file coords35.cif (mmCIF, N, CA and C atoms)
data_final
loop_
_atom_site.label_atom_id
_atom_site.label_comp_id
_atom_site.auth_asym_id
_atom_site.auth_seq_id
_atom_site.Cartn_x
_atom_site.Cartn_y
_atom_site.Cartn_z
N MET A 17 -19.82 45.54 26.60
CA MET A 17 -18.60 45.30 25.86
C MET A 17 -17.78 44.18 26.53
N PHE A 18 -17.69 44.26 27.88
CA PHE A 18 -16.93 43.26 28.62
C PHE A 18 -17.54 41.87 28.44
N ARG A 19 -18.88 41.77 28.50
CA ARG A 19 -19.57 40.49 28.32
C ARG A 19 -19.33 39.92 26.92
N MET A 20 -19.28 40.78 25.93
CA MET A 20 -19.05 40.33 24.57
C MET A 20 -17.64 39.73 24.45
N ARG A 21 -16.65 40.35 25.08
CA ARG A 21 -15.28 39.82 25.05
C ARG A 21 -15.21 38.46 25.74
N ILE A 22 -15.89 38.33 26.85
CA ILE A 22 -15.90 37.05 27.57
C ILE A 22 -16.59 35.99 26.71
N GLY A 23 -17.70 36.36 26.07
CA GLY A 23 -18.42 35.44 25.20
C GLY A 23 -17.56 34.98 24.04
N ILE A 24 -16.83 35.89 23.44
CA ILE A 24 -15.93 35.54 22.32
C ILE A 24 -14.80 34.65 22.83
N GLY A 25 -14.28 34.95 24.01
CA GLY A 25 -13.21 34.12 24.59
C GLY A 25 -13.68 32.70 24.87
N VAL A 26 -14.88 32.56 25.41
CA VAL A 26 -15.43 31.24 25.69
C VAL A 26 -15.66 30.47 24.38
N LEU A 27 -16.19 31.14 23.39
CA LEU A 27 -16.40 30.52 22.09
C LEU A 27 -15.09 30.03 21.49
N ALA A 28 -14.05 30.83 21.58
CA ALA A 28 -12.74 30.44 21.06
C ALA A 28 -12.22 29.21 21.78
N LEU A 29 -12.38 29.15 23.10
CA LEU A 29 -11.93 27.99 23.87
C LEU A 29 -12.69 26.73 23.46
N VAL A 30 -13.99 26.84 23.25
CA VAL A 30 -14.79 25.70 22.84
C VAL A 30 -14.33 25.19 21.48
N LEU A 31 -14.11 26.10 20.53
CA LEU A 31 -13.66 25.70 19.20
C LEU A 31 -12.29 25.05 19.25
N MET A 32 -11.38 25.57 20.07
CA MET A 32 -10.05 24.96 20.20
C MET A 32 -10.15 23.58 20.83
N ALA A 33 -11.02 23.41 21.79
CA ALA A 33 -11.19 22.11 22.44
C ALA A 33 -11.73 21.09 21.45
N GLN A 34 -12.66 21.50 20.58
CA GLN A 34 -13.19 20.58 19.58
C GLN A 34 -12.10 20.17 18.60
N ALA A 35 -11.25 21.11 18.21
CA ALA A 35 -10.16 20.80 17.28
C ALA A 35 -9.15 19.86 17.94
N ALA A 36 -8.95 19.99 19.24
CA ALA A 36 -7.98 19.16 19.95
C ALA A 36 -8.42 17.71 20.06
N VAL A 37 -9.71 17.43 19.96
CA VAL A 37 -10.19 16.06 20.08
C VAL A 37 -10.51 15.45 18.72
N ALA A 38 -9.84 15.92 17.69
CA ALA A 38 -10.07 15.36 16.35
C ALA A 38 -9.76 13.87 16.36
N GLU A 39 -10.54 13.13 15.62
CA GLU A 39 -10.35 11.69 15.48
C GLU A 39 -9.13 11.43 14.60
N GLU A 40 -8.55 10.26 14.76
CA GLU A 40 -7.45 9.85 13.89
C GLU A 40 -7.71 8.44 13.39
N LEU A 41 -7.34 8.21 12.14
CA LEU A 41 -7.39 6.87 11.59
C LEU A 41 -5.97 6.41 11.33
N ALA A 42 -5.79 5.11 11.30
CA ALA A 42 -4.47 4.53 11.06
C ALA A 42 -4.56 3.61 9.86
N VAL A 43 -3.63 3.78 8.93
CA VAL A 43 -3.52 2.85 7.81
C VAL A 43 -2.59 1.74 8.30
N ILE A 44 -3.04 0.50 8.16
CA ILE A 44 -2.28 -0.64 8.67
C ILE A 44 -1.93 -1.61 7.55
N VAL A 45 -0.83 -2.30 7.74
CA VAL A 45 -0.41 -3.37 6.83
C VAL A 45 -0.06 -4.59 7.67
N ASN A 46 0.06 -5.72 7.02
CA ASN A 46 0.46 -6.95 7.69
C ASN A 46 1.83 -6.75 8.34
N ALA A 47 2.05 -7.38 9.47
CA ALA A 47 3.31 -7.23 10.21
C ALA A 47 4.52 -7.68 9.39
N ALA A 48 4.33 -8.59 8.45
CA ALA A 48 5.43 -9.08 7.62
C ALA A 48 5.75 -8.16 6.44
N ASN A 49 4.95 -7.13 6.24
CA ASN A 49 5.16 -6.20 5.13
C ASN A 49 6.48 -5.46 5.31
N PRO A 50 7.27 -5.30 4.24
CA PRO A 50 8.55 -4.61 4.36
C PRO A 50 8.43 -3.10 4.59
N SER A 51 7.27 -2.51 4.32
CA SER A 51 7.09 -1.07 4.52
C SER A 51 6.91 -0.75 5.99
N SER A 52 7.64 0.28 6.45
CA SER A 52 7.47 0.70 7.85
C SER A 52 6.69 2.01 7.94
N THR A 53 6.81 2.86 6.93
CA THR A 53 6.00 4.07 6.84
C THR A 53 5.65 4.30 5.37
N MET A 54 4.55 4.98 5.17
CA MET A 54 4.10 5.31 3.82
C MET A 54 3.48 6.69 3.85
N ASP A 55 3.58 7.41 2.75
CA ASP A 55 2.84 8.66 2.64
C ASP A 55 1.50 8.37 1.97
N ALA A 56 0.63 9.37 1.92
CA ALA A 56 -0.70 9.17 1.37
C ALA A 56 -0.65 8.74 -0.09
N LYS A 57 0.32 9.24 -0.84
CA LYS A 57 0.45 8.88 -2.25
C LYS A 57 0.75 7.38 -2.42
N ALA A 58 1.64 6.86 -1.59
CA ALA A 58 1.97 5.42 -1.66
C ALA A 58 0.80 4.57 -1.20
N VAL A 59 0.10 5.01 -0.15
CA VAL A 59 -1.07 4.27 0.31
C VAL A 59 -2.11 4.22 -0.80
N LYS A 60 -2.35 5.35 -1.45
CA LYS A 60 -3.33 5.41 -2.55
C LYS A 60 -2.94 4.44 -3.67
N ALA A 61 -1.67 4.45 -4.05
CA ALA A 61 -1.22 3.58 -5.14
C ALA A 61 -1.42 2.11 -4.81
N HIS A 62 -1.17 1.73 -3.57
CA HIS A 62 -1.36 0.34 -3.17
C HIS A 62 -2.83 0.01 -2.97
N TYR A 63 -3.57 0.88 -2.29
CA TYR A 63 -4.97 0.60 -1.99
C TYR A 63 -5.79 0.50 -3.28
N LEU A 64 -5.50 1.37 -4.25
CA LEU A 64 -6.22 1.33 -5.53
C LEU A 64 -5.61 0.31 -6.49
N ARG A 65 -4.54 -0.31 -6.06
CA ARG A 65 -3.83 -1.34 -6.82
C ARG A 65 -3.29 -0.84 -8.15
N THR A 66 -2.90 0.45 -8.19
CA THR A 66 -2.12 0.90 -9.36
C THR A 66 -0.72 0.31 -9.23
N LEU A 67 -0.32 0.02 -8.00
CA LEU A 67 0.83 -0.84 -7.71
C LEU A 67 0.22 -2.13 -7.17
N ALA A 68 0.27 -3.18 -7.94
CA ALA A 68 -0.44 -4.41 -7.59
C ALA A 68 0.32 -5.31 -6.63
N ALA A 69 1.59 -5.01 -6.39
CA ALA A 69 2.40 -5.85 -5.50
C ALA A 69 3.28 -4.97 -4.62
N TRP A 70 3.61 -5.49 -3.46
CA TRP A 70 4.53 -4.82 -2.55
C TRP A 70 5.96 -5.04 -3.05
N SER A 71 6.91 -4.35 -2.45
CA SER A 71 8.32 -4.50 -2.87
C SER A 71 8.81 -5.93 -2.68
N SER A 72 8.17 -6.69 -1.80
CA SER A 72 8.53 -8.10 -1.57
C SER A 72 7.98 -9.02 -2.66
N GLY A 73 7.10 -8.48 -3.52
CA GLY A 73 6.46 -9.29 -4.55
C GLY A 73 5.09 -9.80 -4.15
N GLU A 74 4.74 -9.63 -2.89
CA GLU A 74 3.44 -10.08 -2.38
C GLU A 74 2.32 -9.25 -3.00
N LYS A 75 1.24 -9.91 -3.40
CA LYS A 75 0.08 -9.25 -4.00
C LYS A 75 -0.59 -8.33 -2.97
N VAL A 76 -0.96 -7.12 -3.39
CA VAL A 76 -1.66 -6.17 -2.52
C VAL A 76 -3.09 -6.64 -2.33
N ARG A 77 -3.54 -6.66 -1.07
CA ARG A 77 -4.90 -7.09 -0.73
C ARG A 77 -5.56 -6.03 0.15
N PRO A 78 -6.21 -5.03 -0.48
CA PRO A 78 -6.86 -3.99 0.31
C PRO A 78 -8.12 -4.48 1.00
N VAL A 79 -8.39 -3.91 2.17
CA VAL A 79 -9.59 -4.23 2.94
C VAL A 79 -10.36 -2.94 3.15
N ASP A 80 -11.65 -2.96 2.85
CA ASP A 80 -12.52 -1.79 2.96
C ASP A 80 -13.28 -1.85 4.28
N HIS A 81 -13.28 -0.75 5.01
CA HIS A 81 -13.94 -0.66 6.32
C HIS A 81 -15.41 -0.29 6.13
N GLY A 82 -16.28 -0.89 6.89
CA GLY A 82 -17.72 -0.65 6.75
C GLY A 82 -18.26 0.52 7.54
N GLU A 83 -17.48 1.08 8.46
CA GLU A 83 -17.98 2.20 9.27
C GLU A 83 -17.92 3.48 8.43
N ALA A 84 -19.08 4.11 8.22
CA ALA A 84 -19.24 5.19 7.25
C ALA A 84 -18.33 6.39 7.49
N ALA A 85 -18.25 6.90 8.72
CA ALA A 85 -17.45 8.10 8.98
C ALA A 85 -15.96 7.84 8.77
N LEU A 86 -15.49 6.71 9.25
CA LEU A 86 -14.07 6.35 9.09
C LEU A 86 -13.75 6.14 7.62
N ARG A 87 -14.62 5.46 6.91
CA ARG A 87 -14.41 5.21 5.48
C ARG A 87 -14.40 6.52 4.70
N ALA A 88 -15.34 7.40 4.98
CA ALA A 88 -15.40 8.68 4.29
C ALA A 88 -14.14 9.50 4.54
N ALA A 89 -13.64 9.46 5.77
CA ALA A 89 -12.41 10.20 6.09
C ALA A 89 -11.21 9.63 5.33
N PHE A 90 -11.08 8.30 5.29
CA PHE A 90 -9.99 7.67 4.56
C PHE A 90 -10.05 7.99 3.07
N VAL A 91 -11.22 7.81 2.50
CA VAL A 91 -11.39 8.03 1.06
C VAL A 91 -11.09 9.49 0.70
N SER A 92 -11.57 10.41 1.52
CA SER A 92 -11.36 11.83 1.26
C SER A 92 -9.93 12.28 1.53
N LYS A 93 -9.43 11.99 2.73
CA LYS A 93 -8.12 12.50 3.17
C LYS A 93 -6.94 11.77 2.55
N VAL A 94 -7.06 10.48 2.36
CA VAL A 94 -5.92 9.69 1.85
C VAL A 94 -6.02 9.47 0.34
N LEU A 95 -7.19 9.06 -0.12
CA LEU A 95 -7.34 8.75 -1.54
C LEU A 95 -7.67 9.99 -2.38
N GLY A 96 -8.17 11.04 -1.73
CA GLY A 96 -8.51 12.26 -2.45
C GLY A 96 -9.70 12.07 -3.37
N MET A 97 -10.66 11.25 -2.96
CA MET A 97 -11.83 10.93 -3.77
C MET A 97 -13.08 11.04 -2.91
N SER A 98 -14.22 10.94 -3.55
CA SER A 98 -15.47 10.77 -2.81
C SER A 98 -15.75 9.26 -2.75
N THR A 99 -16.63 8.87 -1.86
CA THR A 99 -16.95 7.44 -1.78
C THR A 99 -17.62 6.96 -3.06
N THR A 100 -18.39 7.82 -3.71
CA THR A 100 -19.01 7.47 -4.99
C THR A 100 -17.95 7.24 -6.06
N ASP A 101 -16.94 8.13 -6.08
CA ASP A 101 -15.84 7.96 -7.04
C ASP A 101 -15.08 6.66 -6.80
N LEU A 102 -14.89 6.31 -5.54
CA LEU A 102 -14.19 5.07 -5.21
C LEU A 102 -14.98 3.85 -5.70
N GLU A 103 -16.27 3.85 -5.45
CA GLU A 103 -17.12 2.74 -5.91
C GLU A 103 -17.04 2.62 -7.43
N ARG A 104 -17.15 3.76 -8.11
CA ARG A 104 -17.07 3.77 -9.58
C ARG A 104 -15.72 3.27 -10.06
N TYR A 105 -14.64 3.70 -9.39
CA TYR A 105 -13.29 3.28 -9.75
C TYR A 105 -13.17 1.76 -9.74
N PHE A 106 -13.63 1.14 -8.65
CA PHE A 106 -13.49 -0.32 -8.55
C PHE A 106 -14.45 -1.07 -9.47
N LEU A 107 -15.61 -0.51 -9.76
CA LEU A 107 -16.51 -1.14 -10.74
C LEU A 107 -15.86 -1.13 -12.12
N GLU A 108 -15.28 0.01 -12.50
CA GLU A 108 -14.61 0.10 -13.80
C GLU A 108 -13.39 -0.82 -13.86
N LYS A 109 -12.65 -0.88 -12.77
CA LYS A 109 -11.47 -1.75 -12.71
C LYS A 109 -11.89 -3.22 -12.81
N GLN A 110 -12.96 -3.57 -12.15
CA GLN A 110 -13.46 -4.94 -12.21
C GLN A 110 -13.92 -5.29 -13.62
N TYR A 111 -14.58 -4.36 -14.27
CA TYR A 111 -15.06 -4.59 -15.63
C TYR A 111 -13.88 -4.71 -16.61
N ALA A 112 -12.89 -3.84 -16.45
CA ALA A 112 -11.75 -3.79 -17.39
C ALA A 112 -10.78 -4.95 -17.20
N SER A 113 -10.54 -5.35 -15.94
CA SER A 113 -9.48 -6.33 -15.71
C SER A 113 -9.88 -7.50 -14.82
N ALA A 114 -11.14 -7.61 -14.49
CA ALA A 114 -11.65 -8.68 -13.62
C ALA A 114 -11.04 -8.64 -12.22
N ASP A 115 -10.50 -7.48 -11.83
CA ASP A 115 -10.00 -7.28 -10.46
C ASP A 115 -11.18 -7.09 -9.52
N ASN A 116 -11.24 -7.84 -8.45
CA ASN A 116 -12.30 -7.67 -7.47
C ASN A 116 -12.06 -6.42 -6.64
N PRO A 117 -13.13 -5.77 -6.19
CA PRO A 117 -12.96 -4.64 -5.27
C PRO A 117 -12.40 -5.15 -3.94
N PRO A 118 -11.95 -4.23 -3.07
CA PRO A 118 -11.41 -4.66 -1.78
C PRO A 118 -12.42 -5.50 -0.99
N THR A 119 -11.90 -6.41 -0.21
CA THR A 119 -12.73 -7.19 0.70
C THR A 119 -13.36 -6.23 1.70
N LYS A 120 -14.64 -6.39 1.96
CA LYS A 120 -15.34 -5.51 2.90
C LYS A 120 -15.34 -6.14 4.29
N ALA A 121 -15.10 -5.29 5.28
CA ALA A 121 -15.12 -5.72 6.68
C ALA A 121 -15.98 -4.74 7.46
N PRO A 122 -16.82 -5.22 8.37
CA PRO A 122 -17.78 -4.34 9.03
C PRO A 122 -17.21 -3.44 10.13
N ASP A 123 -16.07 -3.82 10.71
CA ASP A 123 -15.58 -3.06 11.86
C ASP A 123 -14.06 -3.17 11.98
N ASP A 124 -13.50 -2.44 12.95
CA ASP A 124 -12.05 -2.43 13.16
C ASP A 124 -11.48 -3.83 13.36
N ALA A 125 -12.12 -4.62 14.21
CA ALA A 125 -11.60 -5.96 14.53
C ALA A 125 -11.54 -6.84 13.28
N SER A 126 -12.53 -6.73 12.43
CA SER A 126 -12.56 -7.53 11.20
C SER A 126 -11.48 -7.08 10.21
N VAL A 127 -11.27 -5.77 10.11
CA VAL A 127 -10.21 -5.26 9.23
C VAL A 127 -8.86 -5.76 9.72
N ILE A 128 -8.61 -5.65 11.01
CA ILE A 128 -7.34 -6.11 11.58
C ILE A 128 -7.15 -7.60 11.33
N LYS A 129 -8.20 -8.38 11.52
CA LYS A 129 -8.13 -9.83 11.31
C LYS A 129 -7.74 -10.15 9.86
N LEU A 130 -8.34 -9.46 8.90
CA LEU A 130 -8.05 -9.71 7.49
C LEU A 130 -6.64 -9.24 7.10
N VAL A 131 -6.25 -8.07 7.57
CA VAL A 131 -4.90 -7.57 7.26
C VAL A 131 -3.86 -8.50 7.88
N LYS A 132 -4.12 -8.98 9.07
CA LYS A 132 -3.22 -9.92 9.72
C LYS A 132 -3.13 -11.24 8.95
N ALA A 133 -4.23 -11.67 8.36
CA ALA A 133 -4.28 -12.97 7.68
C ALA A 133 -3.54 -12.99 6.34
N PHE A 134 -3.47 -11.84 5.67
CA PHE A 134 -2.85 -11.78 4.35
C PHE A 134 -1.58 -10.94 4.38
N LYS A 135 -0.46 -11.53 3.94
CA LYS A 135 0.81 -10.79 3.95
C LYS A 135 0.75 -9.51 3.14
N GLY A 136 -0.11 -9.46 2.13
CA GLY A 136 -0.25 -8.27 1.31
C GLY A 136 -1.35 -7.33 1.77
N GLY A 137 -1.90 -7.59 2.95
CA GLY A 137 -3.04 -6.83 3.45
C GLY A 137 -2.73 -5.38 3.76
N ILE A 138 -3.68 -4.50 3.41
CA ILE A 138 -3.64 -3.09 3.77
C ILE A 138 -5.07 -2.66 4.06
N GLY A 139 -5.24 -1.89 5.12
CA GLY A 139 -6.56 -1.42 5.50
C GLY A 139 -6.45 -0.20 6.38
N PHE A 140 -7.57 0.24 6.90
CA PHE A 140 -7.58 1.41 7.79
C PHE A 140 -8.55 1.16 8.92
N VAL A 141 -8.16 1.61 10.10
CA VAL A 141 -8.95 1.44 11.32
C VAL A 141 -8.77 2.68 12.18
N SER A 142 -9.50 2.75 13.28
CA SER A 142 -9.29 3.85 14.22
C SER A 142 -7.89 3.70 14.82
N LYS A 143 -7.30 4.81 15.19
CA LYS A 143 -5.96 4.77 15.77
C LYS A 143 -5.93 3.93 17.04
N GLU A 144 -6.99 4.00 17.82
CA GLU A 144 -7.07 3.22 19.06
C GLU A 144 -7.06 1.72 18.78
N ALA A 145 -7.81 1.30 17.77
CA ALA A 145 -7.86 -0.12 17.43
C ALA A 145 -6.51 -0.60 16.93
N ALA A 146 -5.83 0.23 16.15
CA ALA A 146 -4.50 -0.14 15.66
C ALA A 146 -3.52 -0.31 16.81
N ALA A 147 -3.59 0.57 17.79
CA ALA A 147 -2.71 0.47 18.95
C ALA A 147 -3.02 -0.79 19.75
N ALA A 148 -4.29 -1.13 19.86
CA ALA A 148 -4.69 -2.32 20.61
C ALA A 148 -4.29 -3.61 19.89
N ALA A 149 -4.14 -3.54 18.56
CA ALA A 149 -3.77 -4.73 17.79
C ALA A 149 -2.33 -5.17 18.07
N GLY A 150 -1.52 -4.27 18.58
CA GLY A 150 -0.13 -4.61 18.92
C GLY A 150 0.70 -4.99 17.72
N ALA A 151 1.45 -6.07 17.86
CA ALA A 151 2.41 -6.49 16.84
C ALA A 151 1.76 -7.26 15.69
N ASP A 152 0.46 -7.45 15.73
CA ASP A 152 -0.23 -8.20 14.66
C ASP A 152 -0.21 -7.45 13.32
N VAL A 153 -0.18 -6.12 13.40
CA VAL A 153 -0.17 -5.28 12.20
C VAL A 153 0.80 -4.13 12.43
N LYS A 154 1.15 -3.44 11.34
CA LYS A 154 2.01 -2.25 11.44
C LYS A 154 1.22 -1.03 10.98
N VAL A 155 1.34 0.06 11.74
CA VAL A 155 0.75 1.33 11.33
C VAL A 155 1.77 2.02 10.44
N VAL A 156 1.36 2.36 9.21
CA VAL A 156 2.28 3.00 8.26
C VAL A 156 1.92 4.46 8.03
N LEU A 157 0.72 4.87 8.45
CA LEU A 157 0.29 6.27 8.27
C LEU A 157 -0.86 6.55 9.22
N THR A 158 -0.84 7.70 9.85
CA THR A 158 -1.98 8.15 10.65
C THR A 158 -2.47 9.47 10.06
N VAL A 159 -3.79 9.65 10.11
CA VAL A 159 -4.42 10.83 9.52
C VAL A 159 -5.50 11.34 10.46
N ALA A 160 -5.47 12.63 10.76
CA ALA A 160 -6.52 13.24 11.58
C ALA A 160 -7.70 13.61 10.69
N TYR A 161 -8.88 13.48 11.23
CA TYR A 161 -10.08 13.89 10.49
C TYR A 161 -11.11 14.50 11.41
#
call {"tool": "encode", "arguments": {"input": "coords35.cif", "output": "structure tokens"}}
result
Amino acid sequence: MFRMRIGIGVLALVLMAQAAVAEELAVIVNAANPSSTMDAKAVKAHYLRTLAAWSSGEKVRPVDHGEAALRAAFVSKVLGMSTTDLERYFLEKQYASADNPPTKAPDDASVIKLVKAFKGGIGFVSKEAAAAAGADVKVVLTVAY
């Protein structure tokens, strides 16, 4: 009985430790963007371009991350979609209005570079990469996954 309690206690500690090291992603915008924070609903509206311009009038320019786990977390946790649904959404949008899908970038550094280059840029990267980018971009939302 005593060994079983110890085993359960060790298992609980392991599970808590795994939860404590959850990854985080950061939604970033260009440093000149007037938004300082955004909720998931606002990020979704801008990223999917249901709001095609920022409050400054600048055109929204979403950037899609190529890293599968980070992309899946963003699409699921922030957009509330599956990656298949997202692909379908942008194909339909492109067909209906000739809107191009988001620019694709293979890694954090490329996403940061593109968001930095366009005043209307919005993208997502690892929280660590966003912190390392410094004043080049602004973090408007962080999400654990």
call {"tool": "closest_residue", "arguments": {"input": "coords35.cif", "among": "A:Ser72, A:Ser51, A:Ser142, A:Asn116", "to": "Arg87 (chain A)", "atoms": "only C-alpha atoms"}}
result
A:Ser142
call {"tool": "atom_distance", "arguments": {"input": "coords35.cif", "atom1": "CA of Ser98 (chain A)", "atom2": "atom N of Ala149 (chain A)"}}
result
28.1 Å
call {"tool": "closest_atom_pairs", "arguments": {"input": "coords35.cif", "of": "region 45-72 of chain A", "to": "region 127-139 of chain A", "cutoff": "6 Å", "atoms": "only N, CA and C atoms", "output": "tab-separated table"}}
result
residue	atom	partner	partner_atom	distance
A:Val45	CA	A:Gly137	C	4.3
A:Asn46	N	A:Gly137	C	4.3
A:Ala47	N	A:Lys132	CA	5.9
A:Asn49	N	A:Lys135	C	5.7
call {"tool": "select_by_dssp", "arguments": {"input": "coords35.cif", "residues": "chain A", "states": "alpha helix (DSSP H)", "output": "JSON, numbers by chain"}}
result
{"A": [18, 19, 20, 21, 22, 23, 24, 25, 26, 27, 28, 29, 30, 31, 32, 33, 34, 35, 36, 56, 57, 58, 59, 60, 61, 62, 63, 84, 85, 86, 87, 88, 89, 90, 99, 100, 101, 102, 103, 104, 105, 106, 107, 108, 109, 110, 111, 112, 113, 124, 125, 126, 127, 128, 129, 130, 131, 132, 133, 143, 144, 145, 146, 147, 148, 149]}
call {"tool": "resolve_selection", "arguments": {"input": "coords35.cif", "expression": "the PyMOL selection byres ((chain A and resi 78) around 5)", "output": "list in words"}}
result
Val76, Arg77, Val79, Asp80, Pro118, Thr119 and Ile138 of chain A
call {"tool": "atom_distance", "arguments": {"input": "coords35.cif", "atom1": "CA of Glu39 (chain A)", "atom2": "CA of Thr100 (chain A)"}}
result
22.6 Å
call {"tool": "atom_distance", "arguments": {"input": "coords35.cif", "atom1": "CA of Ala85 (chain A)", "atom2": "CA of His62 (chain A)"}}
result
21.6 Å
call {"tool": "residues_near_point", "arguments": {"input": "coords35.cif", "point": "(6.2, 3.2, 5.8)", "cutoff": "9 Å", "atoms": "only C-alpha atoms", "output": "list of chain:residue names"}}
result
A:Pro50, A:Ser51, A:Ser52, A:Thr53, A:Met54, A:Asp55, A:Ala58, A:Lys154, A:Val155, A:Val156, A:Leu157
call {"tool": "closest_residue", "arguments": {"input": "coords35.cif", "among": "A:Ala121, A:Ala89, A:Leu102, A:Leu107", "to": "Ala42 (chain A)", "atoms": "only C-alpha atoms"}}
result
A:Ala89
call {"tool": "closest_residue", "arguments": {"input": "coords35.cif", "among": "A:Ala146, A:Ala38, A:Leu64, A:Val43", "to": "Lys109 (chain A)", "atoms": "only C-alpha atoms"}}
result
A:Leu64
call {"tool": "closest_residue", "arguments": {"input": "coords35.cif", "among": "A:Glu74, A:Arg104, A:Glu144, A:Lys93", "to": "Ala56 (chain A)", "atoms": "all atoms listed in the file"}}
result
A:Lys93
